[in-house]
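Colleague: If it helps, the file is called input33.tsv and holds TSV, C-alpha atoms:
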chain	number	residue	atom	x	y	z
J	1	MET	CA	0.00	0.00	0.00
J	2	ASN	CA	2.75	2.36	0.88
J	3	THR	CA	4.60	1.47	-2.31
J	4	LYS	CA	1.52	2.20	-4.44
J	5	LEU	CA	1.04	5.58	-2.77
J	6	LEU	CA	4.69	6.42	-3.28
J	7	VAL	CA	4.47	5.52	-6.97
J	8	LEU	CA	1.28	7.58	-7.27
J	9	PHE	CA	2.86	10.59	-5.64
J	10	VAL	CA	5.99	10.30	-7.81
J	11	THR	CA	3.85	9.96	-10.95
J	12	LEU	CA	1.72	12.97	-9.97
J	13	ALA	CA	4.83	15.03	-9.25
J	14	LEU	CA	6.32	14.12	-12.62
J	15	VAL	CA	3.07	15.06	-14.37
J	16	LEU	CA	2.97	18.40	-12.60
J	17	LEU	CA	6.64	19.03	-13.36
J	18	ILE	CA	6.27	18.16	-17.02
J	19	GLY	CA	3.08	20.21	-17.23
J	20	SER	CA	4.71	23.24	-15.68
J	21	GLN	CA	7.60	22.91	-18.12
J	22	SER	CA	5.30	22.39	-21.10
J	23	PHE	CA	2.99	25.39	-20.74
J	24	PHE	CA	3.76	29.04	-20.20
J	25	THR	CA	1.66	32.19	-20.00
J	26	VAL	CA	2.40	35.46	-21.79
J	27	ASP	CA	1.04	38.60	-20.11
J	28	GLN	CA	-0.69	41.29	-22.17
J	29	ARG	CA	2.19	43.62	-21.47
J	30	GLU	CA	4.75	41.15	-22.85
J	31	GLN	CA	5.73	39.12	-25.88
J	32	ALA	CA	7.76	35.92	-25.81
J	33	ILE	CA	10.17	33.93	-27.96
J	34	VAL	CA	10.70	30.18	-27.53
J	35	LEU	CA	14.36	29.13	-27.61
J	36	GLN	CA	15.58	25.63	-28.31
J	37	LEU	CA	19.20	25.12	-27.41
J	38	GLY	CA	19.66	28.89	-27.62
J	39	GLN	CA	18.09	29.21	-31.08
J	40	PRO	CA	14.67	30.81	-31.65
J	41	LYS	CA	11.90	28.39	-32.46
J	42	GLY	CA	8.84	29.69	-34.32
J	43	GLU	CA	7.30	33.13	-34.30
J	44	PRO	CA	7.05	35.45	-31.26
J	45	ARG	CA	4.21	34.52	-28.96
J	46	GLY	CA	1.52	37.01	-28.03
J	47	PRO	CA	-0.66	37.16	-24.88
J	48	GLY	CA	-2.18	33.84	-23.78
J	49	ILE	CA	-1.20	30.26	-22.83
J	50	HIS	CA	1.34	28.53	-25.06
J	51	PHE	CA	3.03	25.10	-25.28
J	52	LYS	CA	6.74	24.32	-25.44
J	53	THR	CA	8.85	21.20	-25.29
J	54	PRO	CA	9.76	20.65	-21.65
J	55	PHE	CA	13.39	20.69	-20.57
J	56	ILE	CA	14.56	21.37	-24.13
J	57	GLN	CA	12.99	24.72	-24.84
J	58	ASN	CA	12.97	27.82	-22.71
J	59	VAL	CA	11.23	31.18	-23.06
J	60	ARG	CA	12.53	34.76	-23.31
J	61	PHE	CA	10.07	37.53	-22.46
J	62	PHE	CA	10.21	41.05	-23.92
J	63	ASP	CA	8.23	44.10	-22.86
J	64	ARG	CA	5.75	45.25	-25.50
J	65	ARG	CA	5.02	48.56	-23.75
J	66	ILE	CA	6.60	51.89	-24.61
J	67	LEU	CA	10.00	52.09	-22.93
J	68	SER	CA	11.77	55.32	-22.04
J	69	ILE	CA	15.39	56.41	-21.92
J	70	ASP	CA	16.59	59.52	-20.10
J	71	PRO	CA	20.26	60.01	-21.09
J	72	SER	CA	22.54	62.24	-19.10
J	73	PRO	CA	22.84	65.84	-20.37
J	74	GLU	CA	25.47	66.22	-23.07
J	75	GLN	CA	27.50	69.15	-24.35
J	76	VAL	CA	26.67	69.80	-28.01
J	77	VAL	CA	28.17	72.41	-30.32
J	78	ILE	CA	25.44	74.18	-32.28
J	79	SER	CA	25.52	76.40	-35.32
J	80	SER	CA	25.54	80.21	-35.37
J	81	SER	CA	23.32	82.65	-37.21
J	82	LYS	CA	26.42	84.11	-38.85
J	83	ALA	CA	27.40	80.76	-40.34
J	84	GLN	CA	23.81	80.10	-41.40
J	85	GLU	CA	23.64	83.49	-43.13
J	86	ILE	CA	26.87	82.80	-45.00
J	87	LYS	CA	25.52	79.43	-46.13
J	88	LYS	CA	22.28	81.04	-47.34
J	89	ILE	CA	24.18	83.68	-49.33
J	90	GLU	CA	26.53	81.14	-50.89
J	91	LYS	CA	23.62	78.83	-51.71
J	92	LYS	CA	21.54	81.68	-53.13
J	93	ASP	CA	24.23	83.24	-55.34
J	94	ASP	CA	26.06	79.96	-56.00
J	95	THR	CA	29.28	81.88	-55.36
J	96	GLU	CA	31.68	82.15	-52.47
J	97	ILE	CA	31.74	85.45	-50.59
J	98	ASP	CA	34.99	87.06	-49.55
J	99	ASP	CA	36.28	87.56	-46.02
J	100	GLU	CA	35.29	91.24	-45.96
J	101	GLU	CA	31.64	90.38	-46.65
J	102	LYS	CA	31.78	87.62	-44.05
J	103	SER	CA	33.12	90.08	-41.47
J	104	ASP	CA	30.06	92.27	-42.06
J	105	LEU	CA	27.83	89.43	-40.91
J	106	LYS	CA	28.58	90.02	-37.28
J	107	PRO	CA	26.89	87.61	-34.85
J	108	THR	CA	24.41	89.02	-32.40
J	109	ILE	CA	24.09	88.23	-28.70
J	110	GLY	CA	21.75	85.34	-29.48
J	111	ASN	CA	24.37	83.63	-31.66
J	112	VAL	CA	26.60	80.95	-30.27
J	113	SER	CA	29.42	79.74	-32.49
J	114	GLY	CA	32.04	77.12	-31.67
J	115	GLU	CA	30.86	76.80	-28.07
J	116	PRO	CA	28.95	73.87	-26.55
J	117	ILE	CA	25.57	74.06	-24.90
J	118	ILE	CA	24.01	71.64	-22.44
J	119	VAL	CA	21.31	69.53	-24.13
J	120	ASP	CA	19.13	67.16	-22.11
J	121	THR	CA	17.11	64.72	-24.25
J	122	PHE	CA	14.34	62.23	-23.48
J	123	LEU	CA	13.45	59.27	-25.71
J	124	ARG	CA	10.68	56.67	-25.96
J	125	TYR	CA	10.78	53.49	-28.03
J	126	ARG	CA	8.99	50.18	-28.48
J	127	ILE	CA	10.18	46.67	-29.34
J	128	VAL	CA	8.40	45.83	-32.60
J	129	ASP	CA	10.44	42.77	-33.61
J	130	PRO	CA	11.50	40.84	-30.51
J	131	LEU	CA	13.35	38.20	-32.55
J	132	GLN	CA	15.53	40.80	-34.28
J	133	PHE	CA	15.87	42.67	-31.00
J	134	MET	CA	17.20	39.53	-29.32
J	135	LYS	CA	19.69	38.92	-32.15
J	136	THR	CA	21.11	42.46	-32.18
J	137	LEU	CA	20.59	43.98	-28.76
J	138	ARG	CA	19.74	40.94	-26.58
J	139	THR	CA	18.85	42.85	-23.38
J	140	ILE	CA	17.10	46.09	-22.44
J	141	PRO	CA	20.21	47.64	-20.77
J	142	GLU	CA	22.28	46.86	-23.88
J	143	ALA	CA	19.53	48.33	-26.06
J	144	ASN	CA	19.43	51.49	-23.95
J	145	ARG	CA	23.17	51.99	-24.30
J	146	ARG	CA	23.02	51.48	-28.07
J	147	ILE	CA	20.05	53.81	-28.49
J	148	GLU	CA	21.68	56.50	-26.33
J	149	SER	CA	24.71	56.42	-28.62
J	150	ILE	CA	22.52	56.74	-31.72
J	151	VAL	CA	20.51	59.58	-30.19
J	152	ASN	CA	23.64	61.48	-29.16
J	153	ASP	CA	25.12	61.18	-32.66
J	154	SER	CA	21.87	62.25	-34.31
J	155	THR	CA	21.42	65.15	-31.89
J	156	ARG	CA	24.92	66.44	-32.57
J	157	ALA	CA	24.40	66.16	-36.33
J	158	VAL	CA	21.06	68.02	-36.32
J	159	LEU	CA	22.05	70.69	-33.81
J	160	GLY	CA	25.22	71.32	-35.81
J	161	ASP	CA	22.96	73.02	-38.39
J	162	THR	CA	20.63	74.60	-35.83
J	163	THR	CA	21.07	77.97	-34.14
J	164	LEU	CA	20.28	78.69	-30.51
J	165	PRO	CA	17.39	81.07	-31.37
J	166	GLU	CA	15.84	78.32	-33.52
J	167	LEU	CA	16.26	75.80	-30.73
J	168	LEU	CA	14.53	78.12	-28.27
J	169	SER	CA	11.68	79.07	-30.61
J	170	GLU	CA	8.71	77.28	-32.15
J	171	GLN	CA	11.10	75.62	-34.62
J	172	ARG	CA	12.19	73.38	-31.75
J	173	THR	CA	9.42	70.93	-32.79
J	174	VAL	CA	10.92	70.70	-36.28
J	175	VAL	CA	14.37	70.10	-34.78
J	176	MET	CA	13.07	67.25	-32.59
J	177	ALA	CA	11.25	65.72	-35.58
J	178	SER	CA	14.52	65.78	-37.56
J	179	ILE	CA	16.34	64.03	-34.72
J	180	ARG	CA	13.58	61.40	-34.49
J	181	GLU	CA	13.68	60.74	-38.24
J	182	ARG	CA	17.46	60.41	-38.21
J	183	VAL	CA	17.37	58.03	-35.22
J	184	ASN	CA	14.61	55.89	-36.79
J	185	LYS	CA	16.58	55.70	-40.04
J	186	LYS	CA	19.67	54.50	-38.19
J	187	VAL	CA	17.63	52.00	-36.17
J	188	THR	CA	16.00	50.65	-39.35
J	189	ASP	CA	19.30	50.42	-41.23
J	190	ASP	CA	20.88	48.50	-38.34
J	191	SER	CA	17.79	46.21	-38.01
J	192	LEU	CA	17.52	46.59	-34.25
J	193	GLY	CA	13.89	45.49	-34.05
J	194	ILE	CA	12.70	48.67	-32.32
J	195	LYS	CA	10.81	51.81	-33.31
J	196	ILE	CA	11.48	55.27	-31.91
J	197	ILE	CA	8.19	56.76	-30.74
J	198	ASP	CA	9.35	60.18	-29.64
J	199	VAL	CA	12.47	62.24	-29.01
J	200	ARG	CA	12.25	65.33	-26.82
J	201	ILE	CA	14.74	68.04	-25.94
J	202	VAL	CA	13.94	68.61	-22.29
J	203	ARG	CA	16.47	71.37	-21.70
J	204	ALA	CA	18.86	73.42	-23.80
J	205	ASP	CA	21.06	75.68	-21.72
J	206	LEU	CA	24.36	77.47	-22.04
J	207	THR	CA	27.43	76.24	-20.21
J	208	LYS	CA	28.59	78.31	-17.24
J	209	GLU	CA	31.51	79.80	-19.17
J	210	LEU	CA	29.37	80.64	-22.18
J	211	ARG	CA	26.59	81.97	-19.98
J	212	ASP	CA	29.01	84.33	-18.22
J	213	SER	CA	30.47	85.40	-21.56
J	214	THR	CA	26.99	85.98	-22.98
J	215	VAL	CA	25.98	88.05	-19.97
J	216	ARG	CA	29.08	90.20	-20.35
J	217	GLN	CA	28.38	90.60	-24.06
J	218	MET	CA	24.76	91.53	-23.33
J	219	ASN	CA	25.85	94.10	-20.73
J	220	ALA	CA	28.33	95.63	-23.18
J	221	ALA	CA	25.72	95.72	-25.95
J	222	LEU	CA	23.12	97.26	-23.65
J	223	ALA	CA	25.61	99.84	-22.40
J	224	GLU	CA	26.51	100.71	-25.99
J	225	ARG	CA	22.84	100.98	-26.87
J	226	ALA	CA	22.20	103.15	-23.80
J	227	ASN	CA	25.07	105.48	-24.71
J	228	GLU	CA	23.83	105.69	-28.27
J	229	ARG	CA	20.32	106.53	-27.13
J	230	LYS	CA	21.69	109.03	-24.62
J	231	ALA	CA	23.69	110.74	-27.37
J	232	LYS	CA	20.67	110.81	-29.66
J	233	GLY	CA	18.57	112.16	-26.79
J	234	GLY	CA	21.11	114.91	-26.09
J	235	GLN	CA	21.19	115.83	-29.76
J	236	LYS	CA	17.40	115.87	-29.91
J	237	ALA	CA	17.22	117.98	-26.73
J	238	LEU	CA	19.70	120.45	-28.21
J	239	GLU	CA	17.62	120.69	-31.38
J	240	ILE	CA	14.44	121.23	-29.33
J	241	ARG	CA	16.09	123.93	-27.20
J	242	SER	CA	17.48	125.68	-30.28
J	243	THR	CA	14.09	125.58	-31.96
J	244	ALA	CA	12.41	126.85	-28.77
J	245	ARG	CA	14.87	129.73	-28.47
J	246	LYS	CA	14.36	130.64	-32.13
J	247	ASP	CA	10.58	130.49	-31.74
J	248	ARG	CA	10.82	132.60	-28.55
J	249	ASP	CA	12.92	135.26	-30.30
J	250	ILE	CA	10.50	135.34	-33.22
J	251	ILE	CA	7.49	135.63	-30.90
J	252	LEU	CA	9.12	138.40	-28.85
J	253	ALA	CA	10.16	140.28	-31.97
J	254	GLU	CA	6.68	140.00	-33.41
J	255	ALA	CA	5.20	141.07	-30.04
J	256	ARG	CA	7.50	144.11	-29.89
J	257	ARG	CA	6.62	144.97	-33.45
J	258	ASP	CA	2.89	144.66	-32.75
J	259	SER	CA	3.22	146.63	-29.52
J	260	GLU	CA	5.08	149.44	-31.31
J	261	ILE	CA	2.40	149.49	-33.98
J	262	ILE	CA	-0.34	149.59	-31.35
J	263	ARG	CA	1.51	152.23	-29.32
J	264	GLY	CA	2.05	154.32	-32.42
J	265	GLU	CA	-1.59	154.02	-33.31
J	266	GLY	CA	-2.52	155.02	-29.75
J	267	ASP	CA	-0.19	158.01	-29.88
J	268	ARG	CA	-1.65	159.00	-33.22
J	269	GLN	CA	-5.17	158.84	-31.85
J	270	ALA	CA	-4.12	160.71	-28.68
J	271	ILE	CA	-2.49	163.47	-30.73
J	272	LYS	CA	-5.56	163.69	-32.87
J	273	LEU	CA	-7.78	163.94	-29.79
J	274	TYR	CA	-5.52	166.59	-28.28
J	275	ALA	CA	-5.52	168.52	-31.53
J	276	ASP	CA	-9.28	168.34	-31.81
J	277	ALA	CA	-9.65	169.47	-28.19
J	278	PHE	CA	-7.20	172.33	-28.77
J	279	ASN	CA	-9.16	173.52	-31.79
J	280	VAL	CA	-12.47	173.38	-29.89
J	281	ASP	CA	-11.36	175.27	-26.74
J	282	LYS	CA	-7.77	176.38	-26.57
J	283	GLU	CA	-8.09	177.71	-23.02
J	284	PHE	CA	-9.57	174.44	-21.69
J	285	TYR	CA	-6.95	172.43	-23.50
J	286	SER	CA	-4.19	174.51	-21.93
J	287	PHE	CA	-5.79	174.07	-18.51
J	288	LEU	CA	-6.08	170.31	-18.96
J	289	ARG	CA	-2.46	169.98	-20.00
J	290	SER	CA	-1.38	172.06	-17.02
J	291	MET	CA	-3.35	169.77	-14.68
J	292	GLU	CA	-1.57	166.77	-16.12
J	293	ALA	CA	1.75	168.47	-15.65
J	294	TYR	CA	0.89	169.31	-12.03
J	295	LYS	CA	-0.05	165.70	-11.42
J	296	LYS	CA	3.16	164.34	-12.84
J	297	THR	CA	5.47	166.78	-11.11
J	298	MET	CA	3.81	167.33	-7.76
J	299	GLY	CA	2.20	163.92	-7.35
J	300	ASN	CA	5.40	162.59	-5.76
J	301	SER	CA	5.96	163.90	-2.22
J	302	ASP	CA	9.72	163.61	-2.64
J	303	THR	CA	9.74	166.17	-5.45
J	304	ARG	CA	10.94	169.67	-4.53
J	305	MET	CA	10.42	172.57	-6.97
J	306	ILE	CA	11.42	176.25	-6.56
J	307	LEU	CA	9.30	178.43	-8.87
J	308	THR	CA	7.92	181.94	-8.74
J	309	PRO	CA	4.15	182.30	-8.56
J	310	GLU	CA	4.23	184.58	-11.56
J	311	GLY	CA	5.88	181.91	-13.68
J	312	GLU	CA	4.31	180.31	-16.76
J	313	PHE	CA	3.92	177.03	-14.89
J	314	PHE	CA	1.32	178.48	-12.47
J	315	LYS	CA	-0.41	180.78	-14.91
J	316	HIS	CA	-3.84	179.18	-14.39
J	317	PHE	CA	-3.58	179.74	-10.62
J	318	ASN	CA	-2.61	183.34	-11.12
J	319	LYS	CA	-5.61	184.04	-13.33
J	320	HIS	CA	-8.06	183.18	-10.58
J	321	GLN	CA	-6.42	185.24	-7.81
J	322	PRO	CA	-8.51	188.26	-6.58
Show me the file's structure as structure tokens.

Modeller:
Amino acid sequence: MNTKLLVLFVTLALVLLIGSQSFFTVDQREQAIVLQLGQPKGEPRGPGIHFKTPFIQNVRFFDRRILSIDPSPEQVVISSSKAQEIKKIEKKDDTEIDDEEKSDLKPTIGNVSGEPIIVDTFLRYRIVDPLQFMKTLRTIPEANRRIESIVNDSTRAVLGDTTLPELLSEQRTVVMASIRERVNKKVTDDSLGIKIIDVRIVRADLTKELRDSTVRQMNAALAERANERKAKGGQKALEIRSTARKDRDIILAEARRDSEIIRGEGDRQAIKLYADAFNVDKEFYSFLRSMEAYKKTMGNSDTRMILTPEGEFFKHFNKHQP
């Protein structure tokens, strides 16, 4: 009895062992390849329960989700607007321009030429051919290292023809699309069994040395611009003051002219009135003029006059004496 139970238990254990080695389950997030003595056997397996030869075949699982790579920031030398402008001129005229014309294309503050910038990229990819992936890259860490190298090379190649203003503007999307196309082309040519889903430039920043140099250049340019504006402002102020002084002199001259005309007209009318009054009543006119003379001479208390009563000046007073 004990022997039969032992045989039964051994048989059941063997059945369970063989069954566990004969069937395997592929999760929805994975895809699998059956290997026989290290060589792939059949097509990649999708989600579900599958059969394999026990003890002879084994299974390699590969993630079918989108995988991400976040490489370390790299220093990349980008193009300059000056170089781009020279290329455009040479391409447009189909002739080479001389050094004097090149020197006129002075780079602005936003241009960076021959200096590296810090570029931080982010990449996502998917395993589309696990069999080819296993043959070329074998493991995810090895794939990540290979893809990082391809991305770095493609980024350097694309940014070599890209200026910093372009990288920091809306054209950044076009730049990332160019990098993605170049990386996908390299991946396809090398038959790596993967597809690049997206490539992003997370950060593009100047190095510390270039940032300090750029700040100094910006300060110098701003100071030059401020001095230029100050000089133009001083010149404009001088022009305004000169114009104001000229206008003031013209206004004063015209005012003096008008006042002399008005005064002359007033004197003319006064003389006419005096003449008319003299012709009407000579005695009253003489009396009125004498009163005005008295007012002007004796109206001030500080005035001292020594005259005889019989003088011409007091003739109207003398006429009325008893």

Colleague: Pick out the residues sitting within 12 Å of J:Val174, and hand them over as a list of chain:residue names; count only C-alpha atoms, and ignore anything fewer than 3 positions along from it in its own chain.

Modeller: J:Val158, J:Leu159, J:Thr162, J:Glu166, J:Leu167, J:Leu168, J:Ser169, J:Glu170, J:Gln171, J:Ala177, J:Ser178, J:Ile179, J:Arg180, J:Glu181, J:Val199, J:Arg200, J:Ile201

Colleague: Please indicate the distance in Å from atom CA of J:Lys135 to atom CA of J:Leu192, rounded to one decimal place.

Modeller: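 One can read the atom CA of J:Lys135 to atom CA of J:Leu192 distance as 8.2 Å.
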
Colleague: Taking only C-alpha atoms into account, which of J:Leu12, J:Glu142, J:Leu6, J:Asp129 comes nearest J:Gly46?

Modeller: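 When distances to J:Gly46 are compared using only C-alpha atoms, the smallest one comes from J:Asp129.
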
Colleague: With distances taken over only C-alpha atoms, which of J:Thr121, J:Thr207, J:Gln57, J:Gln75 is nearest to J:Gly42?

Modeller: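 Using only C-alpha atoms, J:Gly42 sits closest to J:Gln57.
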
Colleague: Could you state the separation of atom CA of J:Val151 and atom CA of J:Ile33 in Å, given to one decimal place?

Modeller: 27.7 Å

Colleague: Between J:Leu222, J:Leu67, J:Asp190, J:Asn227, which one has atoms that come closest to J:Ile140, using all atoms listed in the file?

Modeller: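 Looking only at the distances to J:Ile140, the closest residue turns out to be J:Leu67.
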
Colleague: Under the rule that only C-alpha atoms are counted, which of J:Lys295, J:Arg145, J:Arg203, J:Arg182 is the nearest residue to J:Pro73?

Modeller: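 The closest residue to J:Pro73 is J:Arg203.
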
Colleague: Let me make sure I understand: among J:Gln31, J:Thr136, J:Ser68, J:Thr25, which one has the smallest atom-to-atom distance to J:Ser191 if we use only C-alpha atoms?

Modeller: J:Thr136

Colleague: One number please: atom CA of J:Ile117 to atom CA of J:Asn184, in Å, one decimal.

Modeller: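 Atom-to-atom, atom CA of J:Ile117 to atom CA of J:Asn184, that is 24.3 Å.
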